file start16.txt (compact mmCIF, C-alpha atoms)
# COMPACT_ATOMS: atom_id res chain seq x y z
CA MET A 1 -13.55 -12.71 23.85
CA SER A 2 -13.41 -16.08 22.21
CA ALA A 3 -16.16 -18.48 23.02
CA GLY A 4 -13.73 -21.36 22.77
CA ASP A 5 -12.45 -20.87 26.26
CA ASP A 6 -15.65 -21.79 27.99
CA THR A 7 -15.34 -23.27 31.37
CA GLY A 8 -16.22 -26.85 31.99
CA SER A 9 -19.35 -26.03 33.91
CA ARG A 10 -21.39 -26.13 30.72
CA GLU A 11 -20.33 -29.63 29.80
CA VAL A 12 -22.31 -31.15 32.60
CA ARG A 13 -25.60 -29.65 31.58
CA PRO A 14 -27.97 -32.54 30.99
CA ASP A 15 -30.14 -31.02 28.32
CA ARG A 16 -27.39 -30.65 25.76
CA ARG A 17 -28.76 -31.00 22.26
CA PRO A 18 -26.99 -31.30 18.90
CA LEU A 19 -25.99 -28.13 17.14
CA TRP A 20 -28.22 -28.74 14.14
CA ARG A 21 -31.28 -28.72 16.34
CA THR A 22 -30.35 -25.31 17.62
CA VAL A 23 -29.78 -24.12 14.08
CA LEU A 24 -33.14 -25.44 12.92
CA THR A 25 -35.17 -23.66 15.56
CA PRO A 26 -37.32 -20.97 13.93
CA ARG A 27 -35.40 -18.17 15.58
CA TRP A 28 -31.95 -19.16 14.39
CA PHE A 29 -33.06 -20.50 11.04
CA GLY A 30 -34.94 -17.30 10.34
CA LEU A 31 -31.89 -15.31 11.35
CA LEU A 32 -29.82 -17.49 9.01
CA LEU A 33 -32.13 -16.66 6.10
CA LEU A 34 -31.89 -12.99 6.98
CA ALA A 35 -28.09 -13.19 7.18
CA LEU A 36 -27.94 -15.00 3.84
CA ALA A 37 -30.15 -12.38 2.22
CA ILE A 38 -28.03 -9.54 3.58
CA ALA A 39 -24.82 -11.31 2.56
CA ALA A 40 -26.20 -11.89 -0.94
CA GLY A 41 -27.12 -8.22 -1.24
CA MET A 42 -23.66 -7.18 -0.07
CA SER A 43 -22.02 -9.59 -2.52
CA ALA A 44 -24.08 -8.06 -5.32
CA MET A 45 -22.91 -4.60 -4.24
CA GLY A 46 -19.34 -5.87 -4.48
CA VAL A 47 -19.93 -7.17 -7.99
CA TRP A 48 -21.47 -3.83 -8.90
CA GLN A 49 -18.41 -1.95 -7.62
CA LEU A 50 -16.18 -4.29 -9.60
CA ASP A 51 -18.24 -3.46 -12.70
CA VAL A 52 -17.77 0.23 -11.99
CA TYR A 53 -14.03 -0.34 -11.84
CA HIS A 54 -14.07 -2.23 -15.15
CA SER A 55 -16.08 0.42 -16.96
CA LYS A 56 -13.98 3.24 -15.53
CA THR A 57 -10.82 1.45 -16.66
CA ALA A 58 -12.22 0.83 -20.14
CA ALA A 59 -13.26 4.47 -20.44
CA ALA A 60 -9.87 5.75 -19.31
CA THR A 61 -8.07 3.36 -21.65
CA ALA A 62 -10.19 4.39 -24.63
CA LYS A 63 -9.86 8.07 -23.77
CA ARG A 64 -6.10 7.85 -24.06
CA ALA A 65 -6.30 6.63 -27.66
CA GLU A 66 -9.04 9.09 -28.61
CA GLY A 67 -7.49 12.37 -27.54
CA ALA A 68 -6.54 14.96 -30.10
CA PRO A 69 -2.95 14.59 -31.34
CA VAL A 70 -0.36 16.57 -29.42
CA PRO A 71 3.24 17.28 -30.43
CA LEU A 72 5.46 14.36 -29.48
CA GLN A 73 7.84 16.75 -27.74
CA SER A 74 5.08 17.87 -25.38
CA LEU A 75 4.74 14.34 -23.95
CA PHE A 76 8.36 13.74 -23.11
CA SER A 77 11.83 14.81 -24.17
CA ILE A 78 14.38 12.93 -26.20
CA ASP A 79 16.54 12.66 -23.08
CA GLU A 80 13.90 10.74 -21.11
CA GLY A 81 12.73 7.19 -21.23
CA LEU A 82 9.23 6.64 -22.58
CA PRO A 83 6.79 7.43 -19.76
CA ALA A 84 4.05 4.83 -19.39
CA LYS A 85 1.30 7.41 -19.66
CA ALA A 86 2.49 8.42 -23.14
CA VAL A 87 2.03 4.96 -24.63
CA GLY A 88 -0.97 4.85 -26.95
CA ARG A 89 -1.33 8.64 -27.12
CA ARG A 90 -1.88 10.19 -30.55
CA VAL A 91 0.94 12.55 -31.47
CA MET A 92 2.07 14.90 -34.22
CA VAL A 93 5.59 14.65 -35.57
CA GLU A 94 7.12 17.47 -37.60
CA GLY A 95 10.51 17.34 -39.30
CA THR A 96 12.25 15.94 -42.33
CA TRP A 97 12.64 12.34 -43.36
CA GLY A 98 16.02 10.94 -42.48
CA ARG A 99 18.51 9.35 -44.85
CA PRO A 100 16.98 6.59 -47.00
CA ALA A 101 19.87 4.38 -45.93
CA ASP A 102 18.60 4.55 -42.33
CA GLN A 103 15.26 2.98 -43.24
CA LEU A 104 14.65 -0.38 -41.54
CA PHE A 105 12.31 -3.33 -41.92
CA ILE A 106 10.79 -5.40 -39.16
CA ALA A 107 10.21 -8.98 -40.30
CA ASP A 108 7.31 -11.38 -39.70
CA ARG A 109 4.55 -8.79 -39.46
CA ARG A 110 1.03 -9.84 -40.34
CA GLN A 111 -1.39 -7.51 -42.03
CA GLY A 112 -4.75 -9.19 -42.41
CA SER A 113 -3.79 -12.67 -43.52
CA ALA A 114 -0.54 -11.79 -45.26
CA ASP A 115 2.99 -11.94 -43.86
CA GLY A 116 5.23 -9.02 -44.59
CA PHE A 117 7.36 -6.27 -43.12
CA TRP A 118 6.91 -3.02 -41.27
CA VAL A 119 8.75 -0.09 -42.81
CA VAL A 120 10.46 2.05 -40.18
CA SER A 121 11.94 5.41 -41.17
CA PRO A 122 13.52 8.13 -39.05
CA VAL A 123 12.07 11.64 -38.98
CA MET A 124 14.67 14.21 -38.04
CA LEU A 125 12.84 16.48 -35.62
CA SER A 126 12.89 20.17 -36.35
CA ASP A 127 13.80 21.39 -32.90
CA SER A 128 15.72 18.82 -30.93
CA GLY A 129 18.51 17.66 -33.17
CA GLY A 130 17.41 14.08 -32.73
CA ALA A 131 15.03 11.79 -34.53
CA VAL A 132 12.05 9.58 -33.90
CA MET A 133 11.52 6.25 -35.65
CA VAL A 134 8.20 6.18 -37.48
CA VAL A 135 6.50 2.95 -38.50
CA ARG A 136 5.31 4.15 -41.89
CA GLY A 137 3.29 1.05 -42.71
CA TRP A 138 3.34 -2.49 -43.95
CA VAL A 139 4.72 -3.89 -47.22
CA PRO A 140 4.54 -7.48 -48.46
CA THR A 141 8.21 -7.59 -49.48
CA VAL A 142 11.30 -5.53 -48.81
CA SER A 143 11.57 -4.70 -52.51
CA ASP A 144 7.97 -3.50 -52.79
CA PRO A 145 7.82 -0.09 -54.51
CA ALA A 146 5.81 1.30 -51.62
CA ALA A 147 8.82 0.75 -49.38
CA ALA A 148 10.84 3.43 -51.18
CA ALA A 149 12.05 5.91 -48.58
CA PRO A 150 10.40 9.32 -48.74
CA ARG A 151 12.32 12.60 -48.69
CA GLY A 152 11.67 16.14 -47.70
CA SER A 153 9.81 17.76 -44.85
CA VAL A 154 6.80 16.07 -43.30
CA ARG A 155 4.13 16.54 -40.69
CA LEU A 156 2.36 13.35 -39.70
CA THR A 157 0.16 11.97 -36.98
CA GLY A 158 0.37 8.59 -35.33
CA ALA A 159 0.26 6.71 -32.06
CA VAL A 160 3.12 6.29 -29.58
CA ALA A 161 4.30 2.70 -29.22
CA ALA A 162 6.88 1.28 -26.84
CA SER A 163 9.77 -0.98 -27.77
CA GLU A 164 8.86 -4.64 -27.96
CA ALA A 165 10.01 -6.83 -25.15
CA ALA A 166 11.47 -9.62 -27.26
CA ASP A 167 15.20 -9.96 -26.93
CA SER A 168 16.87 -9.37 -30.25
CA SER A 169 20.39 -8.60 -29.22
CA GLY A 170 21.70 -10.27 -32.36
CA ASP A 171 19.56 -8.10 -34.57
CA ALA A 172 22.09 -5.36 -35.10
CA ALA A 173 24.27 -7.70 -37.13
CA LYS A 174 21.51 -8.64 -39.52
CA GLY A 175 21.54 -5.51 -41.62
CA ARG A 176 18.37 -3.60 -42.41
CA VAL A 177 15.83 -6.30 -41.57
CA LEU A 178 15.25 -6.74 -37.85
CA SER A 179 13.06 -9.23 -36.03
CA SER A 180 11.63 -6.93 -33.39
CA LEU A 181 10.80 -3.30 -32.92
CA ARG A 182 13.33 -2.13 -30.35
CA ILE A 183 14.95 1.25 -29.85
CA PRO A 184 17.86 -0.33 -27.92
CA THR A 185 18.75 -2.20 -31.09
CA ILE A 186 18.17 0.60 -33.55
CA VAL A 187 20.07 3.17 -31.54
CA HIS A 188 23.26 1.35 -32.53
CA LEU A 189 22.41 1.60 -36.24
CA VAL A 190 22.20 5.38 -36.49
CA ASP A 191 24.57 8.18 -35.62
CA TYR A 192 22.03 10.57 -34.08
CA ARG A 193 19.95 10.58 -30.96
CA LEU A 194 16.64 8.74 -30.97
CA TYR A 195 13.41 9.14 -29.05
CA ASP A 196 12.76 6.15 -26.82
CA ALA A 197 9.51 5.39 -28.65
CA PHE A 198 8.05 4.57 -32.02
CA VAL A 199 5.27 6.44 -33.76
CA ILE A 200 2.87 4.21 -35.65
CA GLN A 201 1.94 6.53 -38.51
CA SER A 202 -1.76 6.92 -39.22
CA SER A 203 -1.73 9.78 -41.74
CA VAL A 204 0.57 12.32 -43.36
CA GLU A 205 -0.74 15.85 -42.81
CA SER A 206 1.72 17.69 -45.02
CA GLY A 207 4.71 16.74 -47.12
CA VAL A 208 5.18 14.27 -49.87
CA VAL A 209 2.83 11.32 -49.68
CA PRO A 210 4.57 8.44 -51.42
CA SER A 211 2.59 6.65 -54.06
CA PRO A 212 2.18 3.79 -53.73
CA ALA A 213 2.32 4.07 -49.93
CA PRO A 214 2.78 1.26 -47.43
CA ALA A 215 -0.44 -0.08 -45.95
CA VAL A 216 -1.38 1.71 -42.73
CA VAL A 217 -0.61 -0.38 -39.66
CA PRO A 218 -3.36 -0.31 -37.03
CA PRO A 219 -2.06 1.29 -33.84
CA PRO A 220 -1.43 -1.15 -31.01
CA ALA A 221 -4.08 -1.32 -28.31
CA PRO A 222 -3.27 1.21 -25.63
CA PRO A 223 -2.15 -0.27 -22.33
CA THR A 224 -4.86 -0.71 -19.75
CA ASP A 225 -5.35 2.52 -17.86
CA HIS A 226 -6.40 1.40 -14.40
CA ALA A 227 -8.99 3.85 -13.13
CA GLY A 228 -11.30 3.47 -10.17
CA LEU A 229 -8.98 1.54 -7.86
CA ARG A 230 -11.15 2.96 -5.09
CA ASN A 231 -14.00 0.86 -6.46
CA ILE A 232 -11.82 -2.26 -6.20
CA ALA A 233 -11.36 -1.48 -2.53
CA TYR A 234 -15.12 -0.95 -2.12
CA ALA A 235 -15.83 -4.25 -3.88
CA PHE A 236 -13.60 -6.15 -1.47
CA GLN A 237 -15.13 -4.34 1.47
CA TRP A 238 -18.62 -5.39 0.44
CA TRP A 239 -17.48 -8.99 0.21
CA VAL A 240 -15.81 -8.82 3.59
CA PHE A 241 -19.02 -7.38 5.03
CA ALA A 242 -20.95 -10.25 3.46
CA ALA A 243 -18.64 -12.82 5.06
CA PHE A 244 -18.77 -10.90 8.33
CA THR A 245 -22.57 -11.09 8.35
CA LEU A 246 -22.49 -14.88 8.10
CA TRP A 247 -19.72 -15.07 10.67
CA MET A 248 -21.78 -13.00 13.10
CA TRP A 249 -24.72 -15.34 12.63
CA ALA A 250 -22.53 -18.37 13.34
CA LYS A 251 -21.08 -16.70 16.42
CA ILE A 252 -24.49 -15.77 17.80
CA VAL A 253 -25.89 -19.25 17.20
CA LEU A 254 -22.87 -20.91 18.80
CA ASP A 255 -23.23 -18.65 21.81
CA ALA A 256 -26.89 -19.58 22.09
CA HIS A 257 -26.16 -23.25 21.57
CA ARG A 258 -23.49 -23.42 24.22
CA ASP A 259 -25.56 -21.63 26.76
CA PRO A 260 -29.29 -21.66 26.13
CA ASN A 261 -29.97 -21.47 29.86
CA PRO A 262 -28.34 -18.41 31.22
CA GLU A 263 -28.97 -19.52 34.78
CA SER A 264 -26.20 -22.11 34.67
CA ASP A 265 -23.30 -19.72 34.82
CA GLN A 266 -24.49 -16.39 33.69
CA ASP A 267 -22.71 -13.15 34.17
CA THR A 268 -25.67 -11.10 35.23
CA GLN A 269 -24.11 -10.31 38.55
CA PRO A 270 -24.23 -6.66 39.43
CA ASN A 271 -20.74 -6.84 40.83
CA PRO A 272 -18.65 -4.80 38.42
CA THR A 273 -15.33 -6.05 39.67
CA SER A 274 -15.71 -9.80 39.62
CA PRO A 275 -14.84 -11.37 36.29
CA ASP A 276 -16.24 -14.72 37.35
CA PRO A 277 -19.56 -14.28 39.08
CA PRO A 278 -21.00 -17.33 40.76
CA PRO A 279 -24.28 -18.74 39.45
CA ALA A 280 -26.93 -17.21 41.56
CA GLU A 281 -29.86 -15.61 39.89
CA ALA A 282 -31.88 -15.17 36.75
CA SER A 283 -34.60 -17.39 38.11
CA ALA A 284 -37.05 -15.64 35.86
CA GLU A 285 -35.28 -16.97 32.83
CA SER A 286 -34.72 -20.44 34.20
CA SER A 287 -38.38 -21.31 34.14
CA ALA A 288 -38.85 -20.02 30.63
CA ALA A 289 -35.70 -21.60 29.30
CA SER A 290 -37.04 -25.08 29.85
CA SER A 291 -38.80 -24.71 26.55
CA VAL A 292 -36.63 -25.39 23.55
CA ALA A 293 -37.78 -22.61 21.30
CA ASP A 294 -37.92 -19.60 23.50
CA ASP A 295 -34.28 -18.78 23.99
CA GLN A 296 -34.40 -15.07 23.81
CA VAL A 297 -31.62 -13.23 22.07
CA GLU A 298 -30.92 -11.33 25.23
CA GLU A 299 -30.51 -14.52 27.16
CA SER A 300 -28.79 -16.65 24.65
CA VAL A 301 -26.16 -14.32 23.38
CA ASP A 302 -23.86 -15.28 26.09
CA SER A 303 -21.07 -12.90 26.75
CA SER A 304 -18.70 -15.69 27.50
CA GLY A 305 -15.84 -13.25 27.39
CA THR A 306 -17.00 -11.69 30.59
CA VAL A 307 -16.73 -15.03 32.27
CA SER A 308 -13.42 -16.13 30.95
CA ALA A 309 -11.51 -12.95 30.42
CA MET B 1 -33.62 -9.22 36.46
CA THR B 2 -32.56 -9.01 40.07
CA SER B 3 -30.26 -6.11 39.79
CA PRO B 4 -29.73 -4.39 43.09
CA ALA B 5 -29.49 -0.68 43.11
CA ASP B 6 -26.16 0.08 41.58
CA PRO B 7 -25.55 3.66 40.62
CA ALA B 8 -22.79 2.63 38.24
CA THR B 9 -25.16 0.73 35.97
CA SER B 10 -28.04 3.09 35.90
CA ALA B 11 -29.76 2.16 32.69
CA SER B 12 -28.56 -1.39 32.40
CA SER B 13 -28.73 -4.52 34.43
CA GLN B 14 -25.38 -5.62 33.06
CA PRO B 15 -22.31 -5.79 35.21
CA VAL B 16 -19.35 -3.83 33.98
CA THR B 17 -16.61 -6.37 34.23
CA PRO B 18 -13.06 -5.53 33.15
CA ALA B 19 -13.72 -7.44 29.93
CA VAL B 20 -16.78 -5.33 29.17
CA ARG B 21 -14.84 -2.24 30.08
CA GLY B 22 -12.08 -3.20 27.64
CA ALA B 23 -14.55 -3.93 24.88
CA LEU B 24 -16.27 -0.63 25.57
CA THR B 25 -12.99 1.24 25.35
CA ARG B 26 -12.16 -0.39 22.02
CA TYR B 27 -15.62 0.41 20.77
CA ARG B 28 -15.38 4.05 21.88
CA VAL B 29 -12.01 4.57 20.22
CA ILE B 30 -13.02 3.09 16.88
CA ALA B 31 -16.43 4.79 16.99
CA TYR B 32 -14.69 8.12 17.39
CA VAL B 33 -12.21 7.41 14.59
CA VAL B 34 -14.91 6.18 12.21
CA GLY B 35 -17.11 9.15 13.08
CA VAL B 36 -14.33 11.62 12.28
CA MET B 37 -13.47 9.75 9.08
CA LEU B 38 -17.09 9.84 7.97
CA LEU B 39 -17.29 13.59 8.64
CA LEU B 40 -14.11 14.12 6.61
CA LEU B 41 -15.52 11.98 3.82
CA VAL B 42 -18.93 13.61 3.66
CA PHE B 43 -18.08 17.21 4.42
CA VAL B 44 -14.58 17.58 2.95
CA ALA B 45 -13.70 14.87 0.46
CA MET B 46 -17.05 14.56 -1.30
CA PRO B 47 -17.56 18.31 -1.83
CA LEU B 48 -14.01 18.41 -3.20
CA LYS B 49 -14.91 15.65 -5.63
CA TYR B 50 -18.30 16.85 -6.77
CA PHE B 51 -17.87 20.63 -6.59
CA ALA B 52 -14.15 21.09 -7.18
CA ASP B 53 -13.63 18.07 -9.42
CA SER B 54 -10.78 16.87 -7.24
CA PRO B 55 -11.36 13.21 -6.37
CA GLY B 56 -8.02 12.60 -4.65
CA ALA B 57 -9.35 12.91 -1.11
CA VAL B 58 -12.29 10.59 -1.78
CA ASN B 59 -9.94 8.05 -3.32
CA VAL B 60 -8.00 7.91 -0.05
CA ILE B 61 -10.61 8.55 2.65
CA GLY B 62 -13.36 6.48 1.00
CA PRO B 63 -11.64 3.10 1.16
CA LEU B 64 -9.98 4.03 4.47
CA HIS B 65 -13.36 4.70 6.04
CA GLY B 66 -14.57 1.38 4.63
CA PHE B 67 -11.79 -0.59 6.29
CA LEU B 68 -12.10 1.29 9.56
CA TYR B 69 -15.82 0.61 9.51
CA MET B 70 -15.01 -3.11 9.42
CA VAL B 71 -13.02 -2.63 12.62
CA TYR B 72 -15.96 -0.68 14.04
CA LEU B 73 -18.30 -3.58 13.25
CA LEU B 74 -15.94 -6.04 14.92
CA ALA B 75 -15.68 -3.88 18.05
CA THR B 76 -19.44 -3.33 18.14
CA PHE B 77 -20.15 -7.02 17.75
CA ASP B 78 -17.64 -7.87 20.45
CA LEU B 79 -19.29 -5.45 22.84
CA PHE B 80 -22.73 -6.74 21.82
CA ARG B 81 -21.76 -10.30 22.79
CA ARG B 82 -20.37 -9.26 26.11
CA VAL B 83 -23.21 -7.09 27.35
CA ARG B 84 -26.04 -9.14 25.78
CA TRP B 85 -27.78 -6.40 23.91
CA SER B 86 -30.86 -7.07 21.88
CA PHE B 87 -30.34 -7.87 18.25
CA PRO B 88 -32.02 -4.68 16.94
CA ARG B 89 -29.64 -2.72 19.14
CA LEU B 90 -26.71 -4.33 17.31
CA ILE B 91 -28.21 -3.39 13.95
CA MET B 92 -28.80 0.20 15.05
CA MET B 93 -25.26 0.56 16.35
CA ALA B 94 -23.83 -0.91 13.16
CA LEU B 95 -25.85 1.55 11.09
CA ALA B 96 -24.83 4.43 13.33
CA GLY B 97 -21.32 4.13 11.91
CA THR B 98 -22.61 5.00 8.46
CA ILE B 99 -24.54 8.18 9.27
CA PRO B 100 -22.65 11.40 9.99
CA PHE B 101 -22.67 12.45 13.65
CA LEU B 102 -24.77 9.45 14.71
CA SER B 103 -21.77 7.39 15.80
CA PHE B 104 -20.85 10.10 18.31
CA TYR B 105 -24.38 9.99 19.75
CA ALA B 106 -24.40 6.19 19.83
CA GLU B 107 -21.04 6.16 21.55
CA ARG B 108 -22.20 8.66 24.19
CA LYS B 109 -25.43 6.75 24.76
CA THR B 110 -23.69 3.39 25.03
CA THR B 111 -21.07 4.71 27.41
CA HIS B 112 -23.75 6.34 29.53
CA GLU B 113 -25.77 3.14 29.69
CA LEU B 114 -22.85 0.99 30.67
CA LEU B 115 -20.91 3.31 32.93
CA GLY B 116 -23.56 5.78 33.96
CA HIS B 117 -21.66 8.89 32.96
call {"tool": "encode", "arguments": {"input": "start16.txt", "output": "structure tokens"}}
result
Amino acid sequence: MSAGDDTGSREVRPDRRPLWRTVLTPRWFGLLLLALAIAAGMSAMGVWQLDVYHSKTAAATAKRAEGAPVPLQSLFSIDEGLPAKAVGRRVMVEGTWGRPADQLFIADRRQGSADGFWVVSPVMLSDSGGAVMVVRGWVPTVSDPAAAAPRGSVRLTGAVAASEAADSSGDAAKGRVLSSLRIPTIVHLVDYRLYDAFVIQSSVESGVVPSPAPAVVPPPAPPTDHAGLRNIAYAFQWWVFAAFTLWMWAKIVLDAHRDPNPESDQDTQPNPTSPDPPPAEASAESSAASSVADDQVEESVDSSGTVSA
Amino acid sequence: MTSPADPATSASSQPVTPAVRGALTRYRVIAYVVGVMLLLLVFVAMPLKYFADSPGAVNVIGPLHGFLYMVYLLATFDLFRRVRWSFPRLIMMALAGTIPFLSFYAERKTTHELLGH
């Protein structure tokens, strides 16, 4: 179908004019403006679909952090790894505080403009025989009175957080102050099973509320919840359509430019079997085609493929 | 046009060369596929989404129809260049792929014009 395989018969045509003159004729220039307008509209539709994707994603991401708290055990079990869809969810944890000796600190944590530590304490879960590590809050120093480990039963709410990615394989040797929040490190420091997640405590619903209490740590931003991937596909399709519109214009103009006079080697032969009809007819067009501007679409859109294929 | 009486090209003065025939076949296949996809999208997937709150089918068929429609446009344009249709005809045939049932009609009409059956 390509127009590049034209036969040499067109090269000898005497009235060959530069491509830009073909483009600047009212017909093809007007069609160019039309194609540009359509392509611009299609591009705008693509941008609109991309916006839809962004707002859907933002809504889905926010919805995850806004849902009512559910029991941690209902999201996943202590035997599983942390599922991605649980990260950022608000959960309830019910149990008893673990041994004070199992309390940990995570160093180099900023709260506002101050450097300090996160206090991480295990809650022994009522039903599963294991524990979950709860980030109780922030203290300026390890010896701060608010860091004193609580005791007794507790019911608290918080947000699920995943282990940090930073490698801290040497952390286990450092005692009670670690440099990153990682279950793989902490699991070696306790002699019970641990949930593969942290709960960033937001409030204590029942149980002893220590006074003074560590400052509440804001929950980490929930991971982006990609919603509306269909709209991404639509956006790209609109842009492809926009490019296709311009490509069609170029193709049509090139066809017309190569062969403004269909009488030279046109394929208007009624013979359905011959792929290469000899030039014979279309005398009606030949007289009209002497004028520069009147190349009709029907004449000028040369189906070169029928000649060459 | 000096088209002698040729029963095979009843409504058209165009010759049906093998190249045109090939382009027509490609067009007919993709027109049929796009038409079926559009029917599935409009009459199955979209009711599922808006009445049964189950957007899964739209999420698959929607973009799929979009990409197949690109192929439809390519095939239509290819055929348009070979048989030298008028420009409005190209626009109408492109739009026919976006309206339920119309692509089937356009395909029948085009085939009839070019092949006479």
call {"tool": "closest_residue", "arguments": {"input": "start16.txt", "among": "B:Leu40, B:Ile61, B:Met93, B:Leu79", "to": "Glu107 of chain B", "atoms": "only C-alpha atoms"}}
result
B:Met93
call {"tool": "atom_distance", "arguments": {"input": "start16.txt", "atom1": "atom CA of Ser180 of chain A", "atom2": "atom CA of Val120 of chain A"}}
result
11.3 Å
call {"tool": "residues_around", "arguments": {"input": "start16.txt", "residues": "Arg155 of chain A", "least_positions_apart": "5", "cutoff": "8 Å", "atoms": "only C-alpha atoms", "output": "short mmCIF file (atom, residue, chain, number, x, y, z; two decimals) with C-alpha atoms, keeping the file's coordinate frame"}}
result
data_model
loop_
_atom_site.label_atom_id
_atom_site.label_comp_id
_atom_site.auth_asym_id
_atom_site.auth_seq_id
_atom_site.Cartn_x
_atom_site.Cartn_y
_atom_site.Cartn_z
CA MET A 92 2.07 14.90 -34.22
CA VAL A 93 5.59 14.65 -35.57
CA GLU A 94 7.12 17.47 -37.60
CA GLY A 95 10.51 17.34 -39.30
CA VAL A 204 0.57 12.32 -43.36
CA GLU A 205 -0.74 15.85 -42.81
CA SER A 206 1.72 17.69 -45.02
CA GLY A 207 4.71 16.74 -47.12
#
call {"tool": "atom_distance", "arguments": {"input": "start16.txt", "atom1": "atom CA of Val216 of chain A", "atom2": "atom CA of Leu194 of chain A"}}
result
22.6 Å
call {"tool": "residues_around", "arguments": {"input": "start16.txt", "residues": "Val58 of chain B", "least_positions_apart": "6", "cutoff": "12 Å", "atoms": "all atoms listed in the file", "output": "list in words"}}
result
Gly228, Leu229, Arg230, Asn231 and Tyr234 of chain A; Met37, Leu38, Leu39, Leu40, Leu41, Val42, Phe43, Val44, Ala45, Met46, Pro47, Leu48, Lys49, Tyr50, Ala52, Leu64, His65 and Gly66 of chain B
call {"tool": "closest_residue", "arguments": {"input": "start16.txt", "among": "B:Arg82, B:Arg26, B:Arg21, B:Arg108", "to": "chain A", "atoms": "only C-alpha atoms"}}
result
B:Arg82
call {"tool": "closest_residue", "arguments": {"input": "start16.txt", "among": "B:Arg81, B:Val60, B:Glu113, B:Gly35", "to": "Ala96 of chain B", "atoms": "all atoms listed in the file"}}
result
B:Gly35
